[in-house]
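S.K.: Got start.txt for you, compact mmCIF, C-alpha atoms and all ligand atoms:
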```txt
# COMPACT_ATOMS: atom_id res chain seq x y z
CA MET A 346 -56.97 -37.43 -7.85
CA GLU A 347 -58.53 -40.85 -8.53
CA LEU A 348 -56.89 -43.08 -11.12
CA SER A 349 -58.30 -46.46 -12.03
CA VAL A 350 -56.08 -49.31 -10.84
CA LYS A 351 -54.89 -51.37 -13.79
CA ASN A 352 -54.78 -55.13 -13.78
CA THR A 353 -51.44 -55.33 -15.58
CA PRO A 354 -48.74 -57.21 -13.64
CA LYS A 355 -46.59 -54.74 -11.72
CA THR A 356 -43.00 -55.37 -12.65
CA GLN A 357 -40.75 -53.47 -10.30
CA VAL A 358 -38.75 -50.80 -12.10
CA PRO A 359 -35.86 -49.31 -10.09
CA PHE A 360 -34.84 -45.70 -10.50
CA ASN A 361 -31.31 -46.68 -11.51
CA LYS A 362 -29.35 -49.82 -12.22
CA PRO A 363 -25.58 -49.43 -12.57
CA TYR A 364 -24.54 -50.73 -15.97
CA LEU A 365 -21.65 -53.19 -16.31
CA THR A 366 -19.99 -53.80 -19.65
CA GLY A 367 -18.79 -57.34 -18.84
CA ARG A 368 -15.09 -56.39 -19.00
CA GLU A 369 -14.81 -55.09 -15.42
CA MET A 370 -13.60 -58.41 -13.92
CA GLU A 371 -10.95 -58.84 -16.61
CA PHE A 372 -9.42 -55.42 -15.95
CA VAL A 373 -9.65 -55.63 -12.16
CA LYS A 374 -7.98 -59.07 -12.34
CA GLU A 375 -5.23 -57.49 -14.42
CA VAL A 376 -4.68 -54.93 -11.66
CA LEU A 377 -4.61 -57.55 -8.91
CA GLU A 378 -2.09 -59.62 -10.85
CA SER A 379 0.07 -56.63 -11.75
CA GLY A 380 1.05 -55.80 -8.18
CA HIS A 381 0.32 -52.09 -8.79
CA LEU A 382 -2.75 -51.58 -6.62
CA SER A 383 -2.35 -47.97 -5.53
CA GLY A 384 -3.29 -45.06 -7.79
CA ASN A 385 -1.66 -43.36 -10.78
CA GLY A 386 -0.84 -46.67 -12.48
CA PRO A 387 -1.47 -47.79 -16.08
CA PHE A 388 -5.29 -47.76 -15.88
CA THR A 389 -5.36 -44.31 -14.30
CA LYS A 390 -3.10 -43.02 -17.08
CA LYS A 391 -5.20 -44.68 -19.81
CA CYS A 392 -8.41 -43.15 -18.43
CA GLN A 393 -6.88 -39.68 -18.11
CA GLN A 394 -5.48 -39.81 -21.62
CA PHE A 395 -8.85 -40.95 -22.96
CA PHE A 396 -10.58 -37.90 -21.47
CA GLN A 397 -7.90 -35.53 -22.69
CA GLU A 398 -8.03 -36.89 -26.24
CA ARG A 399 -11.79 -37.35 -26.59
CA TYR A 400 -12.83 -34.04 -25.00
CA GLY A 401 -9.79 -31.82 -25.53
CA PHE A 402 -9.27 -31.25 -21.79
CA ARG A 403 -5.85 -29.76 -21.12
CA ARG A 404 -5.21 -32.10 -18.17
CA ALA A 405 -7.43 -34.68 -16.53
CA PHE A 406 -6.83 -36.00 -13.00
CA LEU A 407 -8.75 -39.06 -11.85
CA THR A 408 -10.20 -38.65 -8.36
CA ALA A 409 -12.09 -40.84 -5.91
CA SER A 410 -15.32 -38.82 -6.45
CA CYS A 411 -16.68 -35.66 -8.01
CA THR A 412 -16.76 -34.28 -4.47
CA ASP A 413 -12.97 -34.72 -4.38
CA ALA A 414 -12.62 -33.18 -7.83
CA LEU A 415 -14.62 -30.14 -6.69
CA GLU A 416 -12.44 -29.85 -3.59
CA MET A 417 -9.39 -29.89 -5.84
CA CYS A 418 -10.95 -27.15 -7.98
CA ALA A 419 -11.75 -25.08 -4.89
CA LEU A 420 -8.16 -25.42 -3.62
CA LEU A 421 -6.82 -24.38 -7.01
CA CYS A 422 -8.92 -21.20 -6.94
CA ASN A 423 -6.62 -20.06 -4.14
CA LEU A 424 -9.33 -18.23 -2.21
CA GLU A 425 -8.66 -15.78 0.57
CA PRO A 426 -10.87 -14.92 3.55
CA GLY A 427 -13.83 -12.82 2.45
CA ASP A 428 -13.73 -14.02 -1.17
CA GLU A 429 -17.12 -14.73 -2.68
CA VAL A 430 -18.12 -17.64 -4.90
CA ILE A 431 -21.37 -17.53 -6.88
CA MET A 432 -23.15 -20.80 -7.67
CA PRO A 433 -26.70 -22.08 -8.17
CA SER A 434 -28.69 -22.98 -5.09
CA TYR A 435 -30.33 -25.86 -6.93
CA THR A 436 -27.41 -28.28 -6.78
CA PHE A 437 -25.87 -31.10 -4.79
CA VAL A 438 -24.25 -30.26 -1.48
CA SER A 439 -20.73 -31.06 -2.76
CA THR A 440 -20.76 -28.08 -5.15
CA ALA A 441 -20.99 -25.70 -2.20
CA ASN A 442 -19.20 -27.74 0.45
CA ALA A 443 -15.96 -27.76 -1.56
CA PHE A 444 -15.81 -23.93 -1.50
CA ALA A 445 -17.24 -23.56 2.02
CA LEU A 446 -14.37 -25.77 3.23
CA ARG A 447 -11.97 -23.17 1.83
CA GLY A 448 -13.68 -20.43 3.85
CA ALA A 449 -15.39 -18.81 0.86
CA ASN A 450 -18.59 -16.81 1.23
CA ILE A 451 -21.10 -18.64 -0.91
CA ARG A 452 -23.66 -16.51 -2.81
CA PHE A 453 -26.48 -18.58 -4.22
CA ALA A 454 -27.99 -17.67 -7.58
CA ASP A 455 -31.44 -18.70 -8.79
CA SER A 456 -32.30 -21.13 -11.57
CA LEU A 457 -33.94 -20.10 -14.84
CA PRO A 458 -37.75 -20.11 -14.70
CA ASP A 459 -38.21 -23.12 -16.95
CA ASP A 460 -34.85 -24.86 -16.51
CA PRO A 461 -32.99 -25.93 -13.33
CA ASN A 462 -29.78 -24.48 -14.80
CA VAL A 463 -28.52 -21.23 -13.30
CA ASP A 464 -29.88 -17.90 -14.56
CA PRO A 465 -27.01 -15.69 -15.81
CA GLU A 466 -28.94 -12.57 -14.72
CA SER A 467 -29.08 -13.92 -11.19
CA ILE A 468 -25.29 -14.37 -11.31
CA ARG A 469 -24.79 -10.85 -12.68
CA ALA A 470 -26.80 -9.37 -9.82
CA LEU A 471 -24.46 -10.98 -7.27
CA ILE A 472 -21.13 -9.77 -8.67
CA SER A 473 -19.18 -7.64 -6.18
CA ASP A 474 -15.57 -6.56 -5.60
CA LYS A 475 -15.12 -9.72 -3.59
CA THR A 476 -16.36 -12.18 -6.21
CA LYS A 477 -13.58 -14.55 -7.34
CA VAL A 478 -15.31 -17.56 -8.87
CA ILE A 479 -18.50 -18.54 -10.70
CA VAL A 480 -19.44 -22.21 -10.39
CA VAL A 481 -21.97 -23.56 -12.89
CA VAL A 482 -23.77 -26.91 -12.70
CA HIS A 483 -24.91 -28.44 -15.98
CA TYR A 484 -28.15 -29.92 -14.74
CA ALA A 485 -29.22 -33.19 -16.39
CA GLY A 486 -26.02 -33.05 -18.41
CA ILE A 487 -27.37 -30.11 -20.41
CA ALA A 488 -25.27 -26.98 -20.71
CA CYS A 489 -25.99 -23.79 -18.80
CA PRO A 490 -26.15 -20.63 -20.97
CA MET A 491 -22.34 -20.57 -21.08
CA GLU A 492 -21.93 -17.73 -23.57
CA GLU A 493 -23.49 -15.24 -21.14
CA ILE A 494 -21.75 -16.76 -18.11
CA LEU A 495 -18.29 -16.76 -19.70
CA GLU A 496 -18.87 -13.17 -20.75
CA ILE A 497 -19.73 -12.14 -17.17
CA ALA A 498 -16.60 -13.96 -15.95
CA ARG A 499 -14.39 -12.28 -18.58
CA ALA A 500 -15.75 -8.82 -17.83
CA ASN A 501 -15.10 -9.25 -14.11
CA ASN A 502 -11.89 -11.27 -14.27
CA LEU A 503 -13.36 -14.30 -12.52
CA LEU A 504 -12.51 -17.99 -12.64
CA VAL A 505 -15.21 -20.36 -13.94
CA VAL A 506 -15.60 -23.85 -12.51
CA GLU A 507 -17.96 -26.29 -14.23
CA ASP A 508 -19.61 -28.83 -11.98
CA ALA A 509 -20.08 -31.32 -14.80
CA ALA A 510 -20.97 -34.21 -12.47
CA GLN A 511 -23.77 -35.28 -14.83
CA ALA A 512 -22.40 -33.89 -18.05
CA ILE A 513 -20.00 -36.37 -19.60
CA ASP A 514 -20.22 -36.42 -23.42
CA SER A 515 -22.48 -33.35 -23.76
CA THR A 516 -21.57 -30.24 -25.71
CA TYR A 517 -22.24 -26.50 -25.89
CA GLU A 518 -21.75 -24.83 -29.27
CA GLY A 519 -19.91 -27.98 -30.35
CA LYS A 520 -17.48 -27.90 -27.42
CA PRO A 521 -17.49 -30.65 -24.78
CA LEU A 522 -18.81 -29.65 -21.37
CA GLY A 523 -15.94 -29.57 -18.95
CA SER A 524 -13.70 -27.90 -21.52
CA LEU A 525 -15.24 -24.41 -21.21
CA GLY A 526 -14.28 -23.36 -17.70
CA ASP A 527 -10.88 -22.87 -16.09
CA LEU A 528 -11.57 -26.01 -14.10
CA SER A 529 -14.25 -28.69 -14.09
CA ALA A 530 -15.36 -31.76 -12.19
CA PHE A 531 -17.10 -34.99 -13.30
CA SER A 532 -18.71 -37.82 -11.35
CA PHE A 533 -18.49 -41.54 -12.05
CA HIS A 534 -20.76 -42.51 -9.16
CA GLU A 535 -22.93 -45.54 -9.93
CA THR A 536 -25.86 -43.24 -10.78
CA LYS A 537 -23.92 -41.54 -13.59
CA ASN A 538 -23.64 -42.44 -17.30
CA ILE A 539 -20.11 -43.78 -16.91
CA GLN A 540 -19.60 -45.34 -13.51
CA CYS A 541 -17.01 -47.13 -11.42
CA GLY A 542 -19.04 -47.34 -8.22
CA GLN A 543 -17.58 -44.12 -6.97
CA GLY A 544 -15.10 -41.99 -8.86
CA GLY A 545 -14.51 -38.59 -10.38
CA LEU A 546 -12.35 -36.43 -12.59
CA ALA A 547 -10.84 -32.99 -12.07
CA VAL A 548 -10.11 -31.14 -15.30
CA VAL A 549 -7.66 -28.27 -15.58
CA ASN A 550 -8.04 -26.15 -18.71
CA ASN A 551 -6.31 -23.01 -17.44
CA SER A 552 -2.60 -23.61 -17.99
CA LYS A 553 -1.67 -21.26 -15.11
CA LEU A 554 -3.22 -23.72 -12.65
CA LEU A 555 -1.57 -26.85 -14.04
CA THR A 556 1.58 -27.09 -11.95
CA ASN A 557 -0.33 -26.52 -8.77
CA ALA A 558 -2.95 -29.10 -9.80
CA GLU A 559 -0.26 -31.78 -9.89
CA PHE A 560 0.78 -30.83 -6.35
CA VAL A 561 -2.77 -30.69 -5.02
CA TRP A 562 -3.61 -34.11 -6.54
CA GLU A 563 -0.57 -35.72 -4.92
CA LYS A 564 -1.22 -34.59 -1.33
CA GLY A 565 0.46 -31.21 -1.75
CA THR A 566 3.79 -32.72 -2.81
CA ASN A 567 5.90 -32.43 -5.95
CA ARG A 568 5.97 -36.22 -6.32
CA SER A 569 5.10 -35.98 -10.03
CA GLN A 570 8.24 -33.85 -10.61
CA PHE A 571 10.24 -36.44 -8.66
CA MET A 572 8.79 -39.24 -10.84
CA ARG A 573 9.86 -37.30 -13.95
CA GLY A 574 13.37 -36.97 -12.51
CA LEU A 575 13.13 -33.19 -12.12
CA VAL A 576 13.88 -33.17 -8.36
CA ASP A 577 15.84 -35.71 -6.33
CA LYS A 578 13.44 -35.80 -3.35
CA TYR A 579 9.82 -34.90 -3.12
CA SER A 580 8.35 -32.81 -0.36
CA TRP A 581 5.46 -30.65 0.81
CA VAL A 582 5.08 -27.76 -1.64
CA SER A 583 1.40 -26.71 -1.38
CA LEU A 584 -1.92 -27.57 0.20
CA GLY A 585 -3.34 -30.80 -1.15
CA SER A 586 -4.88 -34.11 -0.23
CA SER A 587 -5.11 -37.75 -1.22
CA TYR A 588 -7.45 -37.37 -4.18
CA LEU A 589 -6.42 -40.15 -6.55
CA PRO A 590 -8.28 -43.47 -6.57
CA GLY A 591 -6.66 -46.92 -6.44
CA GLU A 592 -5.99 -48.77 -9.71
CA SER A 593 -8.90 -51.21 -9.30
CA VAL A 594 -11.30 -48.25 -9.47
CA ALA A 595 -9.51 -46.95 -12.57
CA ALA A 596 -9.79 -50.45 -14.09
CA LEU A 597 -13.57 -50.42 -13.54
CA LEU A 598 -13.74 -47.02 -15.17
CA TRP A 599 -11.63 -48.16 -18.12
CA ALA A 600 -14.10 -50.99 -18.78
CA GLN A 601 -16.84 -48.39 -19.10
CA LEU A 602 -14.79 -46.10 -21.32
CA THR A 603 -14.19 -48.91 -23.81
CA GLU A 604 -17.98 -48.95 -24.34
CA ILE A 605 -18.84 -45.30 -23.90
CA ASP A 606 -20.47 -44.93 -27.32
CA SER A 607 -22.84 -47.85 -26.88
CA ILE A 608 -23.70 -46.76 -23.31
CA GLN A 609 -24.48 -43.27 -24.55
CA LYS A 610 -26.55 -44.62 -27.44
CA LYS A 611 -28.70 -46.68 -25.08
CA ARG A 612 -29.24 -43.80 -22.65
CA CYS A 613 -29.98 -41.27 -25.38
CA HIS A 614 -32.50 -43.66 -26.95
CA ILE A 615 -34.42 -43.83 -23.64
CA TRP A 616 -34.15 -40.06 -23.19
CA ASP A 617 -35.55 -39.52 -26.70
CA ARG A 618 -38.43 -41.91 -26.02
CA TYR A 619 -39.35 -39.91 -22.91
CA SER A 620 -39.00 -36.64 -24.76
CA GLU A 621 -41.19 -37.82 -27.66
CA GLY A 622 -43.70 -39.59 -25.42
CA LEU A 623 -44.16 -36.78 -22.88
CA GLY A 624 -43.05 -33.61 -24.66
CA ASP A 625 -46.61 -32.60 -25.63
CA LEU A 626 -47.92 -32.64 -22.05
CA ASN A 627 -48.65 -29.44 -20.21
CA VAL A 628 -45.61 -29.71 -17.91
CA ASP A 629 -42.00 -28.56 -18.24
CA THR A 630 -39.65 -31.43 -19.06
CA THR A 631 -35.90 -31.68 -19.65
CA LYS A 632 -35.22 -29.49 -22.67
CA VAL A 633 -32.10 -28.95 -24.70
CA SER A 634 -31.26 -25.45 -25.90
CA PRO A 635 -30.35 -25.16 -29.61
CA LYS A 636 -26.71 -24.54 -28.61
CA ALA A 637 -26.47 -27.70 -26.50
CA THR A 638 -26.66 -31.47 -26.93
CA ARG A 639 -28.10 -34.03 -24.50
CA ASN A 640 -26.23 -36.99 -23.03
CA GLY A 641 -29.22 -39.02 -21.84
CA HIS A 642 -28.30 -38.56 -18.19
CA LEU A 643 -31.69 -37.81 -16.72
CA PHE A 644 -35.23 -36.93 -17.73
CA HIS A 645 -37.35 -34.77 -15.46
CA LEU A 646 -40.85 -33.36 -15.18
CA VAL A 647 -41.89 -30.26 -13.26
CA LEU A 648 -45.31 -30.91 -11.74
CA GLU A 649 -47.89 -28.24 -10.86
CA SER A 650 -47.37 -28.26 -7.11
CA ARG A 651 -45.50 -30.08 -4.35
CA ARG A 652 -48.74 -31.94 -3.63
CA GLN A 653 -49.03 -33.14 -7.23
CA ALA A 654 -45.36 -34.16 -7.24
CA ASP A 655 -45.84 -36.20 -4.05
CA ASP A 656 -49.02 -37.78 -5.47
CA PHE A 657 -47.12 -38.67 -8.66
CA LEU A 658 -44.33 -40.36 -6.69
CA ASP A 659 -46.94 -42.32 -4.67
CA PHE A 660 -48.85 -43.28 -7.80
CA MET A 661 -45.72 -44.52 -9.57
CA ARG A 662 -44.62 -46.40 -6.44
CA SER A 663 -48.02 -48.10 -6.29
CA GLU A 664 -47.39 -49.21 -9.88
CA GLY A 665 -43.94 -50.58 -8.97
CA VAL A 666 -42.01 -47.71 -10.60
CA LYS A 667 -39.41 -45.81 -8.62
CA ALA A 668 -39.35 -42.15 -9.67
CA ALA A 669 -37.39 -39.62 -7.58
CA SER A 670 -37.31 -35.96 -6.64
CA HIS A 671 -33.90 -34.27 -6.68
CA TYR A 672 -31.96 -31.54 -4.86
CA VAL A 673 -33.13 -29.62 -1.84
CA SER A 674 -31.95 -26.08 -2.68
CA LEU A 675 -28.95 -25.20 -0.59
CA HIS A 676 -29.97 -21.64 0.36
CA SER A 677 -32.75 -23.13 2.47
CA SER A 678 -30.80 -26.12 3.79
CA PRO A 679 -30.47 -26.52 7.58
CA TYR A 680 -26.72 -25.77 7.40
CA PHE A 681 -26.88 -22.72 5.15
CA ALA A 682 -30.28 -21.08 5.83
CA PRO A 683 -28.95 -19.09 8.83
CA LYS A 684 -26.06 -17.80 6.66
CA HIS A 685 -28.22 -16.97 3.62
CA ASP A 686 -28.79 -13.29 2.84
CA GLY A 687 -32.56 -13.71 2.82
CA ARG A 688 -33.13 -13.37 -0.94
CA ILE A 689 -36.02 -15.48 -2.17
CA LEU A 690 -35.01 -17.82 -5.00
CA PRO A 691 -38.40 -18.78 -6.40
CA ASN A 692 -37.20 -20.97 -9.25
CA ALA A 693 -34.79 -23.01 -7.11
CA ASP A 694 -37.64 -23.47 -4.60
CA LYS A 695 -39.97 -24.56 -7.38
CA PHE A 696 -37.56 -27.26 -8.60
CA THR A 697 -36.96 -28.44 -5.03
CA GLU A 698 -40.69 -28.95 -4.55
CA ARG A 699 -41.91 -30.02 -7.95
CA LEU A 700 -39.14 -31.63 -10.01
CA ILE A 701 -39.40 -35.41 -10.50
CA ARG A 702 -36.93 -37.69 -12.31
CA LEU A 703 -38.06 -40.79 -14.19
CA PRO A 704 -36.08 -44.08 -14.23
CA LEU A 705 -33.28 -43.95 -16.81
CA PHE A 706 -30.61 -46.62 -17.14
CA PRO A 707 -29.24 -48.58 -20.12
CA GLU A 708 -31.03 -51.81 -19.28
CA LEU A 709 -34.48 -50.25 -18.94
CA LYS A 710 -36.70 -52.52 -21.07
CA GLU A 711 -38.83 -51.14 -23.90
CA GLU A 712 -42.00 -52.54 -22.30
CA ASP A 713 -41.17 -50.87 -18.99
CA LEU A 714 -40.43 -47.63 -20.80
CA ASP A 715 -43.81 -47.85 -22.59
CA ARG A 716 -45.49 -48.47 -19.26
CA ILE A 717 -43.77 -45.53 -17.52
CA ILE A 718 -44.71 -43.20 -20.37
CA GLY A 719 -48.29 -44.52 -20.32
CA LEU A 720 -48.60 -44.17 -16.54
CA THR A 721 -47.19 -40.64 -16.62
CA ARG A 722 -49.62 -39.64 -19.35
CA ASP A 723 -52.53 -41.23 -17.45
CA PHE A 724 -51.59 -39.35 -14.30
CA LEU A 725 -51.12 -36.00 -15.98
CA THR A 726 -54.22 -36.15 -18.16
CA ALA A 727 -56.62 -37.69 -15.58
C1 LIG B 1 -24.12 -31.58 -9.42
C2 LIG B 1 -23.37 -32.58 -8.59
N1 LIG B 1 -22.14 -32.28 -8.15
C3 LIG B 1 -21.41 -33.15 -7.42
C4 LIG B 1 -21.90 -34.39 -7.08
C5 LIG B 1 -21.06 -35.32 -6.25
O1 LIG B 1 -20.64 -36.42 -6.98
P1 LIG B 1 -19.87 -37.65 -6.26
O2 LIG B 1 -20.93 -38.53 -5.69
O3 LIG B 1 -19.11 -38.31 -7.39
O4 LIG B 1 -18.97 -37.07 -5.24
C6 LIG B 1 -23.18 -34.75 -7.52
C7 LIG B 1 -23.72 -36.07 -7.17
O5 LIG B 1 -24.66 -36.55 -7.72
C8 LIG B 1 -23.94 -33.83 -8.28
O6 LIG B 1 -25.17 -34.10 -8.70
```
Produce structure tokens that represent the structure in this file.

M.R.:
Amino acid sequence: MELSVKNTPKTQVPFNKPYLTGREMEFVKEVLESGHLSGNGPFTKKCQQFFQERYGFRRAFLTASCTDALEMCALLCNLEPGDEVIMPSYTFVSTANAFALRGANIRFADSLPDDPNVDPESIRALISDKTKVIVVVHYAGIACPMEEILEIARANNLLVVEDAAQAIDSTYEGKPLGSLGDLSAFSFHETKNIQCGQGGLAVVNNSKLLTNAEFVWEKGTNRSQFMRGLVDKYSWVSLGSSYLPGESVAALLWAQLTEIDSIQKKRCHIWDRYSEGLGDLNVDTTKVSPKATRNGHLFHLVLESRRQADDFLDFMRSEGVKAASHYVSLHSSPYFAPKHDGRILPNADKFTERLIRLPLFPELKEEDLDRIIGLTRDFLTA
């Protein structure tokens, strides 16, 4: 495809720029001066309480990453050899790795035809006597069809884990994502809406898993009971690991949480501009079901072919704009392909080959946004 080269100056637009509120230094300094540098200090507690109050999570545990939070969730599912866990193939490696580390048999479900989120019918087809857990991933921070998925889980007595890595501040039928499953996991990596460089959150909504979650979070010990004066020594009581981040990370996160509404407003404004500026084109874009809300995490396009997606990335790069593809479906990954049951997952494959994300970060300038929308329209209508 030939596109005329424009003479406009080519400002470089990155794909992401981590947003800082300006209060990070103040809070990190407070930590350094306090002498409490390890985890589970005042900033950790403030962050956890914030999430519990704002989103109605039963208990929130700060972790060093969403990967860690998913590993906590997988441990809490208490899997036995031969147990099966169903999850979408179109996801980040951590979703699967956490459960593979526990020895689970992973069964990959396909995405919906016009949405990277998992197809409930594809989940239903994989249910067996051995299924123990359904993991959903709210792609782009937009809810999966949770009504159907929760119904499948209820009917088959399964646990539901939400990989809500991208989904902070979004809702489904008015309920915050992360509050619907038994367990859920969020990411605060620098590419996410709320970021502290690298961080995460494990959420426990199922009260039966709460006591064990405290043990797992604190390296498999009952240290939290010791701190509350319930036991006179703490010791090894379950499997666990060192999941909690140091206080300086929690301080960075707290700075972001003090400004969450304005961060969300900025991101959602950009998301809306993309949606309005590109929604009429003949390509699938990030869409929000009537039951869900968006959180302005990412905006994607699904191009006609892998070739067109590659050409689009090259074209944008030549114009100084960094767009990006996303996940390589896990059923066809080098690690898992030999273990996969051979089912073809056409929608996951399609998103692997053809899905492109546009730059989206709070400091994206209006003129750059106009230019990205204009360039995308030029490319797709040439
Ligand atoms: C769906 C999903 N789950 C988990 C993760 C892992 O997050 P983290 O980098 O915080 O470990 C990511 C990372 O982007 C992700 O997209």

S.K.: Can you tell me which residues sit at most 6 Å away from ligand LIG 1 (chain B), counting all atoms listed in the file, written as a list in words?

M.R.: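 Here is the list of contacting residues: Ser410, Cys411, Thr412, Thr436, Phe437, Ser439, Thr440, Val482, Asp508, Ala510, Ser532, Phe533, His534, Gly544 and Gly545 of chain A.
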
S.K.: Just the number, please: distance in Å from CA of Glu604 in chain A to CA of Ile513 in chain A, one decimal.

M.R.: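 Separation between CA of Glu604 in chain A and CA of Ile513 in chain A: 13.6 Å.
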
S.K.: Just want the 6 Å neighbourhood of range 630-645 of chain A, counted on all atoms listed in the file, with same-chain residues fewer than 6 positions away dropped. Output as a PyMOL selection string.

M.R.: chain A and resi 485-488+515-518+612-613+616+701-703

S.K.: Okay, now the selection with C-alpha atoms, as an mmCIF file, keeping the file's coordinate frame?

M.R.:
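Result written to selection.cif:
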```
data_model
loop_
_atom_site.group_PDB
_atom_site.id
_atom_site.type_symbol
_atom_site.label_atom_id
_atom_site.label_comp_id
_atom_site.auth_asym_id
_atom_site.auth_seq_id
_atom_site.Cartn_x
_atom_site.Cartn_y
_atom_site.Cartn_z
ATOM 1 C CA ALA A 485 -29.220 -33.190 -16.390
ATOM 2 C CA GLY A 486 -26.020 -33.050 -18.410
ATOM 3 C CA ILE A 487 -27.370 -30.110 -20.410
ATOM 4 C CA ALA A 488 -25.270 -26.980 -20.710
ATOM 5 C CA SER A 515 -22.480 -33.350 -23.760
ATOM 6 C CA THR A 516 -21.570 -30.240 -25.710
ATOM 7 C CA TYR A 517 -22.240 -26.500 -25.890
ATOM 8 C CA GLU A 518 -21.750 -24.830 -29.270
ATOM 9 C CA ARG A 612 -29.240 -43.800 -22.650
ATOM 10 C CA CYS A 613 -29.980 -41.270 -25.380
ATOM 11 C CA TRP A 616 -34.150 -40.060 -23.190
ATOM 12 C CA ILE A 701 -39.400 -35.410 -10.500
ATOM 13 C CA ARG A 702 -36.930 -37.690 -12.310
ATOM 14 C CA LEU A 703 -38.060 -40.790 -14.190
#
```

S.K.: Residues of range 351-389 of chain A that approach range 651-674 of chain A to 8 Å or less, counting all atoms listed in the file: could you list each one with the shortest pair of atoms and its distance in Å to one decimal, rows by chain and increasing residue number, as CSV?

M.R.:
```
residue,atom,partner,partner_atom,distance
A:Lys355,CA,A:Gly665,CA,5.6
A:Thr356,CA,A:Gly665,CA,6.1
A:Gln357,CA,A:Gly665,CA,4.5
A:Val358,CA,A:Val666,CA,4.7
A:Pro359,CA,A:Lys667,CA,5.2
A:Phe360,CA,A:Lys667,CA,4.9
```

S.K.: Rounded to one decimal place, report the CA of Ala600 in chain A-CA of Leu546 in chain A distance in Å.

M.R.: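 Value for the CA of Ala600 in chain A-CA of Leu546 in chain A distance: 15.9 Å.
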
S.K.: Between A:Ile718, A:Leu690, A:Leu382, A:Val576, single out the one closest to Arg452 in chain A, counting all atoms listed in the file.

M.R.: A:Leu690

S.K.: Between A:Phe453, A:Tyr680, A:Phe696, A:Phe372, which residue has the minimum interatomic distance to Tyr484 in chain A, considering only C-alpha atoms?

M.R.: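 The closest residue to Tyr484 in chain A is A:Phe696.
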
S.K.: So that I can check the surroundings of range 388-393 of chain A, please list as a short mmCIF file (atom, residue, chain, number, x, y, z; two decimals) with C-alpha atoms, in the frame of the given file every protein, DNA and RNA residue that reaches within 12 Å of it, counting all atoms listed in the file and ignoring chain neighbours fewer than 5 positions away.

M.R.:
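And here is the file that came out, selection30.cif:
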```
data_model
loop_
_atom_site.label_atom_id
_atom_site.label_comp_id
_atom_site.auth_asym_id
_atom_site.auth_seq_id
_atom_site.Cartn_x
_atom_site.Cartn_y
_atom_site.Cartn_z
CA PHE A 372 -9.42 -55.42 -15.95
CA VAL A 373 -9.65 -55.63 -12.16
CA GLU A 375 -5.23 -57.49 -14.42
CA VAL A 376 -4.68 -54.93 -11.66
CA SER A 379 0.07 -56.63 -11.75
CA HIS A 381 0.32 -52.09 -8.79
CA LEU A 382 -2.75 -51.58 -6.62
CA SER A 383 -2.35 -47.97 -5.53
CA GLU A 398 -8.03 -36.89 -26.24
CA ARG A 399 -11.79 -37.35 -26.59
CA TYR A 400 -12.83 -34.04 -25.00
CA GLY A 401 -9.79 -31.82 -25.53
CA PHE A 402 -9.27 -31.25 -21.79
CA ARG A 403 -5.85 -29.76 -21.12
CA ARG A 404 -5.21 -32.10 -18.17
CA ALA A 405 -7.43 -34.68 -16.53
CA PHE A 406 -6.83 -36.00 -13.00
CA LEU A 407 -8.75 -39.06 -11.85
CA THR A 408 -10.20 -38.65 -8.36
CA ALA A 409 -12.09 -40.84 -5.91
CA ILE A 539 -20.11 -43.78 -16.91
CA CYS A 541 -17.01 -47.13 -11.42
CA GLY A 544 -15.10 -41.99 -8.86
CA GLY A 545 -14.51 -38.59 -10.38
CA LEU A 546 -12.35 -36.43 -12.59
CA ALA A 547 -10.84 -32.99 -12.07
CA VAL A 548 -10.11 -31.14 -15.30
CA VAL A 549 -7.66 -28.27 -15.58
CA LEU A 589 -6.42 -40.15 -6.55
CA PRO A 590 -8.28 -43.47 -6.57
CA GLY A 591 -6.66 -46.92 -6.44
CA GLU A 592 -5.99 -48.77 -9.71
CA SER A 593 -8.90 -51.21 -9.30
CA VAL A 594 -11.30 -48.25 -9.47
CA ALA A 595 -9.51 -46.95 -12.57
CA ALA A 596 -9.79 -50.45 -14.09
CA LEU A 597 -13.57 -50.42 -13.54
CA LEU A 598 -13.74 -47.02 -15.17
CA TRP A 599 -11.63 -48.16 -18.12
CA ALA A 600 -14.10 -50.99 -18.78
CA GLN A 601 -16.84 -48.39 -19.10
CA LEU A 602 -14.79 -46.10 -21.32
CA THR A 603 -14.19 -48.91 -23.81
CA ILE A 605 -18.84 -45.30 -23.90
#
```

S.K.: At what distance in Å, to one decimal, does CA of Tyr364 in chain A lie from CA of Phe706 in chain A?

M.R.: 7.4 Å

S.K.: Hey, what's within 10 Å of Pro426 in chain A if we count only C-alpha atoms and toss same-chain stuff fewer than 3 positions away? As a ChimeraX atom specification, please?

M.R.: /A:429,447-450,475

S.K.: Once you have the residues from the selection above, write them out as a tab-separated table (two decimals), keeping the file's coordinate frame, restricted to C-alpha atoms.

M.R.:
```
chain	number	residue	atom	x	y	z
A	429	GLU	CA	-17.12	-14.73	-2.68
A	447	ARG	CA	-11.97	-23.17	1.83
A	448	GLY	CA	-13.68	-20.43	3.85
A	449	ALA	CA	-15.39	-18.81	0.86
A	450	ASN	CA	-18.59	-16.81	1.23
A	475	LYS	CA	-15.12	-9.72	-3.59
```

S.K.: Residues of range 659-714 of chain A that have any atom at most 12 Å from an atom of range 464-467 of chain A: could you tabulate them with the shortest-distance atom pair and the distance in Å to one decimal, using only C-alpha atoms, ordered by chain and increasing number, as a tab-separated table?

M.R.:
```
residue	atom	partner	partner_atom	distance
A:Arg688	CA	A:Ser467	CA	11.0
A:Ile689	CA	A:Ser467	CA	11.5
A:Leu690	CA	A:Ser467	CA	9.4
A:Pro691	CA	A:Ser467	CA	11.6
A:Asn692	CA	A:Asp464	CA	9.6
A:Ala693	CA	A:Asp464	CA	10.3
```
